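Right, one structure below, let's go through it.
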Amino acid sequence: MGYFLKRLGLALLVALVVSVISFGALRISGDIATAIAGEGASSEDIEFTRKQHGLDRPLPIQYLDWLSHALQGDLGTSLYFRVPVAELIGDRLPISLALGCLALIFAVSLAVPLGVVAALKPNSIVDRLALWLAVVGQAMPTFWFALLMIVVFGAWLRWLPISGNESWKNFIMPAIALGYYATPAIMRLTRAGMIEVLGLDYIRTARAMGLRSGTVLFKHALRNAVIPVVSLTAVQFGFMLGGSIVIESIFSLHGAGHLAWISISRSDLPVVQGVVLVLALIYILLTLLADLLNAWLDPRLRIE
Amino acid sequence: MADRDTTPPRSDGAPSPAPLLVVRNLRVTLPTLGGDLHAVRGVDLSVRAGETFGIVGESGCGKSLTSLALMNLLPRHARRGADRIEFAGQDLQALGERQMGDLRGNSMSMVFQQPMSCLNPAYTIGNQLVSVFRRHRKVGRSEATERAVYLLDKVGITGGRRRLGQYPHQLSGGLRQRVMIAMALMCEPDLIIADEPTTALDVTIQAQILHLLAELQQEFGMSIILITHDLGIVARIANRVAVMYAGEFVEVGSVDQLYSDPRHPYTRGLFDCIPQPGKTPPGARLGFIPGIVPSLFGKTAGCAFATRCAKAGDACRDAPPWHGDADGHEVRCHFAGAGPNPTAAPPSQGT
Ligand SMILES: Nc1ncnc2c1ncn2[C@@H]1O[C@H](COP(=O)(O)OP(=O)(O)O)[C@@H](O)[C@H]1O
Ligand SMILES: [Mg+2]
């Protein structure tokens with residue numbers, strides 16, 4: 001329980017810092033009143049806008065005001081769409097989350113078994129193959145891999161649609177492109193963890209008691225080996241959220257990443273700010289979940 | 001060549017039961033970057049049902065590898081060889097990994113030296129005990145739980161039911177070793193190999209654990225192979241003892257024989273190294289064996305102990321033969337044959 005409260009407190013603290021950063025980043029990026037007033041506005045117009053939006057008040061007051069609105073789900077209004085930012089994000093976020101989850105599932109279900117198999121026979125063919133896969137994965141930029149898939153499976157073989165988000169088929173290539181990026185790190189950590197754990201005394205005990213090799217491998221070894229992998233996966237998910245901005249644009253998936261991308265190019269700052277904040281909060285939530293999962297996996301964390 | 005399988009009658013004259021475990025010429029080799037390490041070099045041993053067989057020797061002499069070889073739990077890269085490994089009439093070398101798994105934890109079990117790291121930190125004591133029992137017996141969870149509580153009680157852990165829900169890190173080293181012993185006993189094995197079960201524990205706890213092992217043996221009647229580097233421990237609970245040096249046994253006999261009449265210079269050296277209550281005056285300097293253990297790389301031509309032996313002579317460049325007497329005291333030294341009782345038995349076995 002103490003562990004849980006500590007983690008929760010930490011998560012709230014990080015969320016607060018993130019809110020300050022995303023508030024501050026917007027102020028630093030340019031004069032908002034000018035942006036809101038639009039191109040060609042006179043200096044009187046700009047001053048009027050500044051007063052109207054309360055942008056002439058001290059920054060801490062503006063922040064608290066912004067925060068209290070944000071906590072009630074009011075993230076301001078899009079300068080381009082002229083609709084509430086929360087509404088825009090609410091429409092687009094499910095697509096990004098679906099993409100992120102699919103990518104994560106793809107990454108984990110490829111990386112963990114590969115890591116386990118590689119650990120069972122270090123330096124075997126499988127191990128080398130897995131290593132090769134990891135090196136290629138880390139060397140290849142995500143966008144390039146995405147384009148490669150579009151060329152092969154979209155344009156040439158015509159198996160999969162290359163843009164839009166009408167059906168689940170639209171998600172396959174983006175999820176693979178995004179997930180593949182996270183695969184090498186997860187795989188290598190699984191492999192290293194398994195190799196280490198398989199050499200530990202309690203694994204020898206399990207074998208000395210005659211437990212079946214499957215039980216030894218999955219119940220006794222993997223459970224302990226994946227503990228660091230869980231934290232890493234949460235971090236990787238964060239990278240994926242970042243990567244989704246590129247991937248969604250390439251595949252024209254109209255998710256939150258795509259929204260952020262077009263809003264940046266249109267200087268639609270409230271939207272950019274909202275997306276950044278929401279993605280950051282999702283990341284914090286995931287890290288918290290990872291901590292909880294680890295506490296479940298490793299009783300030493302939760303029982304003093 | 002005399003057959004050392006037919007174990008000689010015990011000195012008390014009782015008929016000897018058939019041995020539970022018979023091992024002939026057990027070898028363990030570890031390939032390393034510097035060449036093959038011959039860690040166990042032709043060990044012979046037989047353990048009778050219900051007896052405690054001690055193996056004593058300095059650390060690094062190959063005791064742990066010998067025990068792991070018997071269980072077929074050697075490190076992956078290690079190679080095992082033997083003329084014979086027979087347990088309860090079964091040829092263990094002919095068994096596959098699966099069949100060995102059926103024996104392990106069931107009819108032969110093991111207790112390790114490291115109580116702090118030998119239990120899985122992720123599972124409760126109960127979970128680990130129950131899963132061992134259910135691996136070998138077709139019983140339900142509740143029956144296995146009953147069994148676990150019963151055995152925790154047997155190893156002196158009270159409040160068993162509450163303990164079942166605890167994790168290893170919540171227990172002290174002594175308690176964990178008791179849990180380990182309970183786990184080894186879950187299926188009432190015929191043989192328990194205890195590899196330095198008390199080395200990592202406090203002196204007072206050591207005594208308790210040894211006492212417990214002896215008590216449990218009285219009750220369950222299993223054989224124990226007790227591995228230790230401490231002659232005092234062996235004297236307390238073993239029936240017969242083998243002294244191991246550089247991968248070989250150099251002397252085998254009953255505790256009485258070894259303690260009253262140590263014949264191998266190495267065994268004598270070991271005795272000089274321990275204080276003897278009543279004999280060693282307080283503060284007296286203990287003996288030590290000068291020299292270093294020979295390298296285990298390559299084959300040693302003659303007696304492995306020759307480099308440290310005060311008695312060593314030209315003869316020691318050849319491998320020493322086994323000399324045994326009628327009551328089963330055997331020693332592997334060129335000079336032992338000329339001992340007080342040279343004609344009692346023919347030398348039992350060469351190399
Ligand atoms: N996994 C291993 N790899 C390489 N050498 C080993 C390994 N295990 C043991 N050895 C070596 O084999 C010899 C015997 O080891 P061991 O059986 O553990 O000795 P003991 O249990 O008598 O202290 C030692 O010299 C040790 O260094
Ligand atoms: Mg050892």
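By order of appearance in the structure tokens: chains A, B, ..., then residues from 1 within every chain, and ligands from 1 in the order shown.
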### Message
List as a PyMOL selection string the protein and nucleic acid residues lying within 7 Å of ligand 1, with only C-alpha atoms and all ligand atoms counted.
### Response
chain B and resi 30+32+39+57-66+75+296
Can you spit out the residues from that selection as a PDB file, in the first residue's frame, using N, CA, C and O atoms?
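Once written, out.pdb looks like this:
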ATOM      1  N   LEU B  30      35.045 -29.728 -17.080  1.00  0.00           N
ATOM      2  CA  LEU B  30      34.519 -28.426 -17.492  1.00  0.00           C
ATOM      3  C   LEU B  30      35.448 -27.822 -18.529  1.00  0.00           C
ATOM      4  O   LEU B  30      36.596 -27.524 -18.223  1.00  0.00           O
ATOM      5  N   THR B  32      37.121 -25.008 -20.305  1.00  0.00           N
ATOM      6  CA  THR B  32      37.306 -23.579 -20.030  1.00  0.00           C
ATOM      7  C   THR B  32      38.220 -23.008 -21.089  1.00  0.00           C
ATOM      8  O   THR B  32      38.773 -23.760 -21.900  1.00  0.00           O
ATOM      9  N   ALA B  39      37.433 -31.606 -12.858  1.00  0.00           N
ATOM     10  CA  ALA B  39      37.072 -31.222 -11.494  1.00  0.00           C
ATOM     11  C   ALA B  39      36.754 -32.444 -10.632  1.00  0.00           C
ATOM     12  O   ALA B  39      37.044 -32.456  -9.443  1.00  0.00           O
ATOM     13  N   GLY B  57      35.992 -32.193   2.375  1.00  0.00           N
ATOM     14  CA  GLY B  57      37.142 -31.750   1.597  1.00  0.00           C
ATOM     15  C   GLY B  57      37.177 -30.241   1.560  1.00  0.00           C
ATOM     16  O   GLY B  57      36.166 -29.585   1.811  1.00  0.00           O
ATOM     17  N   GLU B  58      38.351 -29.713   1.239  1.00  0.00           N
ATOM     18  CA  GLU B  58      38.488 -28.262   1.152  1.00  0.00           C
ATOM     19  C   GLU B  58      37.586 -27.729   0.055  1.00  0.00           C
ATOM     20  O   GLU B  58      37.227 -28.457  -0.871  1.00  0.00           O
ATOM     21  N   SER B  59      37.299 -26.428   0.125  1.00  0.00           N
ATOM     22  CA  SER B  59      36.448 -25.877  -0.917  1.00  0.00           C
ATOM     23  C   SER B  59      37.208 -25.894  -2.240  1.00  0.00           C
ATOM     24  O   SER B  59      38.416 -25.711  -2.277  1.00  0.00           O
ATOM     25  N   GLY B  60      36.475 -26.208  -3.309  1.00  0.00           N
ATOM     26  CA  GLY B  60      37.096 -26.292  -4.622  1.00  0.00           C
ATOM     27  C   GLY B  60      37.562 -27.687  -5.003  1.00  0.00           C
ATOM     28  O   GLY B  60      38.080 -27.903  -6.088  1.00  0.00           O
ATOM     29  N   CYS B  61      37.355 -28.670  -4.095  1.00  0.00           N
ATOM     30  CA  CYS B  61      37.873 -30.005  -4.400  1.00  0.00           C
ATOM     31  C   CYS B  61      36.893 -30.815  -5.258  1.00  0.00           C
ATOM     32  O   CYS B  61      37.209 -31.923  -5.678  1.00  0.00           O
ATOM     33  N   GLY B  62      35.717 -30.263  -5.520  1.00  0.00           N
ATOM     34  CA  GLY B  62      34.798 -30.947  -6.424  1.00  0.00           C
ATOM     35  C   GLY B  62      33.577 -31.556  -5.765  1.00  0.00           C
ATOM     36  O   GLY B  62      32.858 -32.347  -6.388  1.00  0.00           O
ATOM     37  N   LYS B  63      33.291 -31.180  -4.522  1.00  0.00           N
ATOM     38  CA  LYS B  63      32.149 -31.766  -3.828  1.00  0.00           C
ATOM     39  C   LYS B  63      30.824 -31.385  -4.480  1.00  0.00           C
ATOM     40  O   LYS B  63      29.981 -32.245  -4.731  1.00  0.00           O
ATOM     41  N   SER B  64      30.673 -30.101  -4.751  1.00  0.00           N
ATOM     42  CA  SER B  64      29.394 -29.662  -5.333  1.00  0.00           C
ATOM     43  C   SER B  64      29.186 -30.260  -6.716  1.00  0.00           C
ATOM     44  O   SER B  64      28.077 -30.702  -7.051  1.00  0.00           O
ATOM     45  N   LEU B  65      30.219 -30.282  -7.502  1.00  0.00           N
ATOM     46  CA  LEU B  65      30.075 -30.843  -8.846  1.00  0.00           C
ATOM     47  C   LEU B  65      29.744 -32.330  -8.768  1.00  0.00           C
ATOM     48  O   LEU B  65      28.981 -32.845  -9.582  1.00  0.00           O
ATOM     49  N   THR B  66      30.317 -33.032  -7.779  1.00  0.00           N
ATOM     50  CA  THR B  66      29.975 -34.441  -7.607  1.00  0.00           C
ATOM     51  C   THR B  66      28.475 -34.588  -7.342  1.00  0.00           C
ATOM     52  O   THR B  66      27.796 -35.401  -7.970  1.00  0.00           O
ATOM     53  N   PRO B  75      26.255 -27.653 -14.643  1.00  0.00           N
ATOM     54  CA  PRO B  75      26.166 -26.519 -15.573  1.00  0.00           C
ATOM     55  C   PRO B  75      26.143 -27.048 -17.006  1.00  0.00           C
ATOM     56  O   PRO B  75      26.694 -28.116 -17.288  1.00  0.00           O
ATOM     57  N   LEU B 296      43.765 -28.422 -11.534  1.00  0.00           N
ATOM     58  CA  LEU B 296      42.864 -29.481 -11.988  1.00  0.00           C
ATOM     59  C   LEU B 296      42.873 -29.601 -13.505  1.00  0.00           C
ATOM     60  O   LEU B 296      42.156 -30.403 -14.076  1.00  0.00           O
TER      61      LEU B 296
END
### Message
Could you tell me which residues of chain A sit within 9 Å of chain B when counting only C-alpha atoms, and give me the result as a ChimeraX atom specification?
### Response
/A:199-213,220,223-224,296-300,303-304
So that I can see what lies close to Arg161 of chain B, please list as a PDB file with C-alpha atoms, in the first residue's frame the residues with an atom at most 10 Å from it, counting only C-alpha atoms and leaving out residues fewer than 6 positions away in the same chain.
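around_9.pdb was written with the following content:
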ATOM      1  CA  GLY B 126       3.219 -22.410   0.080  1.00  0.00           C
ATOM      2  CA  THR B 145      -1.402 -27.747   1.197  1.00  0.00           C
ATOM      3  CA  GLU B 146      -2.044 -30.112   4.106  1.00  0.00           C
ATOM      4  CA  ALA B 148       3.073 -28.597   3.174  1.00  0.00           C
ATOM      5  CA  VAL B 149       1.747 -27.606   6.599  1.00  0.00           C
ATOM      6  CA  TYR B 150       2.658 -31.033   7.936  1.00  0.00           C
ATOM      7  CA  LEU B 152       6.721 -27.235   7.845  1.00  0.00           C
ATOM      8  CA  ASP B 153       5.754 -28.528  11.250  1.00  0.00           C
TER       9      ASP B 153
END
### Message
As an exercise, work out the distance from atom CA of Ile162 of chain A to atom CA of Val246 of chain A in Å and give it to one decimal place.
### Response
14.5 Å
### Message
From the options B:Ala94, B:Leu171, B:Val250, B:Leu226, which residue's atoms come nearest to ligand 2, counting only C-alpha atoms and all ligand atoms?
### Response
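For ligand 2, the nearest of the given residues is B:Leu226.
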### Selection near segment 228-245 of chain A, 9 Å with only C-alpha atoms, sequence-local residues under 3 positions removed, as a ChimeraX atom specification
/A:96-97,99-101,103-104,108,112,142-143,174,178-179,181-182,185-187,189-190,193,224-225,248-250,255-261,279-280,282-284,286-291,293-294
### Task
Apply DSSP to the structure's backbone, then extract all residues of segment 103-330 of chain B labelled helix (DSSP H, G or I) and return them as a PyMOL selection string.
chain B and resi 103+125-136+141-154+160-164+168-170+173-185+203-220+231-237+255-260+265-272+306-308+314-317
### Task
Check the DSSP output for the backbone and give back, as a PyMOL selection string, the residues of segment 144-232 of chain B in strand (DSSP E).
chain B and resi 191-195+223-228
Set the distance at 10 Å and use only C-alpha atoms: which residues neighbour Arg48 of chain B once local chain neighbours fewer than 5 positions away are removed? I'd like the list as a CSV table (one decimal) with N, CA, C and O atoms, in the first residue's frame.
chain,number,residue,atom,x,y,z
B,7,THR,N,29.7,-54.1,-0.7
B,7,THR,CA,30.1,-53.3,0.5
B,7,THR,C,30.5,-54.3,1.6
B,7,THR,O,29.7,-55.2,1.9
B,16,SER,N,24.8,-56.0,5.9
B,16,SER,CA,24.6,-54.7,5.2
B,16,SER,C,23.5,-54.8,4.2
B,16,SER,O,23.5,-55.7,3.4
B,17,PRO,N,22.6,-53.9,4.2
B,17,PRO,CA,21.5,-53.8,3.2
B,17,PRO,C,22.2,-53.5,1.8
B,17,PRO,O,23.3,-52.9,1.8
B,18,ALA,N,21.4,-53.8,0.8
B,18,ALA,CA,21.9,-53.5,-0.6
B,18,ALA,C,22.1,-51.9,-0.7
B,18,ALA,O,21.3,-51.2,-0.2
B,19,PRO,N,23.1,-51.5,-1.4
B,19,PRO,CA,23.3,-50.0,-1.5
B,19,PRO,C,22.2,-49.4,-2.3
B,19,PRO,O,21.7,-50.0,-3.3
B,20,LEU,N,21.8,-48.2,-1.9
B,20,LEU,CA,20.8,-47.5,-2.6
B,20,LEU,C,21.4,-46.8,-3.8
B,20,LEU,O,20.8,-46.7,-4.9
B,21,LEU,N,22.6,-46.3,-3.6
B,21,LEU,CA,23.3,-45.6,-4.7
B,21,LEU,C,24.7,-46.2,-4.9
B,21,LEU,O,25.4,-46.3,-3.9
B,22,VAL,N,25.0,-46.5,-6.1
B,22,VAL,CA,26.3,-47.0,-6.4
B,22,VAL,C,26.9,-46.2,-7.6
B,22,VAL,O,26.3,-46.1,-8.6
B,53,PHE,N,26.0,-40.5,4.5
B,53,PHE,CA,27.4,-40.6,4.0
B,53,PHE,C,27.9,-39.2,3.8
B,53,PHE,O,27.4,-38.3,3.2
B,88,ALA,N,18.8,-46.9,-6.7
B,88,ALA,CA,17.6,-47.8,-6.4
B,88,ALA,C,17.4,-48.8,-7.6
B,88,ALA,O,16.3,-49.0,-8.1
B,191,LEU,N,16.7,-40.5,-1.0
B,191,LEU,CA,18.0,-39.9,-0.8
B,191,LEU,C,17.9,-38.4,-0.8
B,191,LEU,O,17.2,-37.8,-1.7
B,222,MET,N,15.4,-41.8,5.3
B,222,MET,CA,16.1,-41.7,4.0
B,222,MET,C,17.6,-41.7,4.2
B,222,MET,O,18.1,-41.6,5.3
B,223,SER,N,18.3,-41.9,3.1
B,223,SER,CA,19.7,-41.8,3.1
B,223,SER,C,20.1,-40.3,2.9
B,223,SER,O,19.3,-39.6,2.2
B,224,ILE,N,21.2,-39.9,3.4
B,224,ILE,CA,21.6,-38.6,3.3
B,224,ILE,C,23.1,-38.6,2.8
B,224,ILE,O,23.9,-39.3,3.3
B,240,ARG,N,29.3,-43.0,7.5
B,240,ARG,CA,30.5,-43.2,6.8
B,240,ARG,C,31.0,-41.9,6.2
B,240,ARG,O,30.1,-41.0,5.9
### Message
Need the shell around Tyr180 of chain A: protein/DNA/RNA residues with any atom at most 8 Å away, counting only C-alpha atoms. Skip same-chain ones fewer than 5 positions apart. Format as number ranges by chain?
### Response
A: 103, 106-107, 137
Residue selection dump (all heavy atoms) as an mmCIF file, in the first residue's frame:
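Writing done, so here's part29.cif:
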data_model
loop_
_atom_site.group_PDB
_atom_site.id
_atom_site.type_symbol
_atom_site.label_atom_id
_atom_site.label_comp_id
_atom_site.auth_asym_id
_atom_site.auth_seq_id
_atom_site.Cartn_x
_atom_site.Cartn_y
_atom_site.Cartn_z
ATOM 1 N N ALA A 103 0.498 -1.513 -31.722
ATOM 2 C CA ALA A 103 1.955 -1.492 -31.883
ATOM 3 C C ALA A 103 2.634 -2.155 -30.691
ATOM 4 O O ALA A 103 3.578 -2.934 -30.843
ATOM 5 C CB ALA A 103 2.445 -0.054 -32.039
ATOM 6 N N PHE A 106 2.112 -5.870 -30.846
ATOM 7 C CA PHE A 106 3.007 -6.418 -31.860
ATOM 8 C C PHE A 106 4.435 -6.511 -31.318
ATOM 9 O O PHE A 106 5.087 -7.558 -31.408
ATOM 10 C CB PHE A 106 2.976 -5.544 -33.115
ATOM 11 C CG PHE A 106 4.012 -5.909 -34.139
ATOM 12 C CD1 PHE A 106 3.839 -7.019 -34.955
ATOM 13 C CD2 PHE A 106 5.177 -5.163 -34.270
ATOM 14 C CE1 PHE A 106 4.801 -7.370 -35.887
ATOM 15 C CE2 PHE A 106 6.148 -5.502 -35.196
ATOM 16 C CZ PHE A 106 5.956 -6.608 -36.005
ATOM 17 N N ALA A 107 4.891 -5.412 -30.709
ATOM 18 C CA ALA A 107 6.280 -5.371 -30.225
ATOM 19 C C ALA A 107 6.523 -6.436 -29.155
ATOM 20 O O ALA A 107 7.482 -7.209 -29.227
ATOM 21 C CB ALA A 107 6.597 -3.982 -29.672
ATOM 22 N N GLY A 137 16.511 -3.247 -36.815
ATOM 23 C CA GLY A 137 15.411 -2.463 -36.260
ATOM 24 C C GLY A 137 15.883 -1.137 -35.700
ATOM 25 O O GLY A 137 15.224 -0.113 -35.843
#
### Message
Report, in Å to a single decimal, how far apart atom CA of Pro94 of chain A and atom CA of Ile36 of chain A are.
### Response
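Distance between the two atoms: 28.1 Å.
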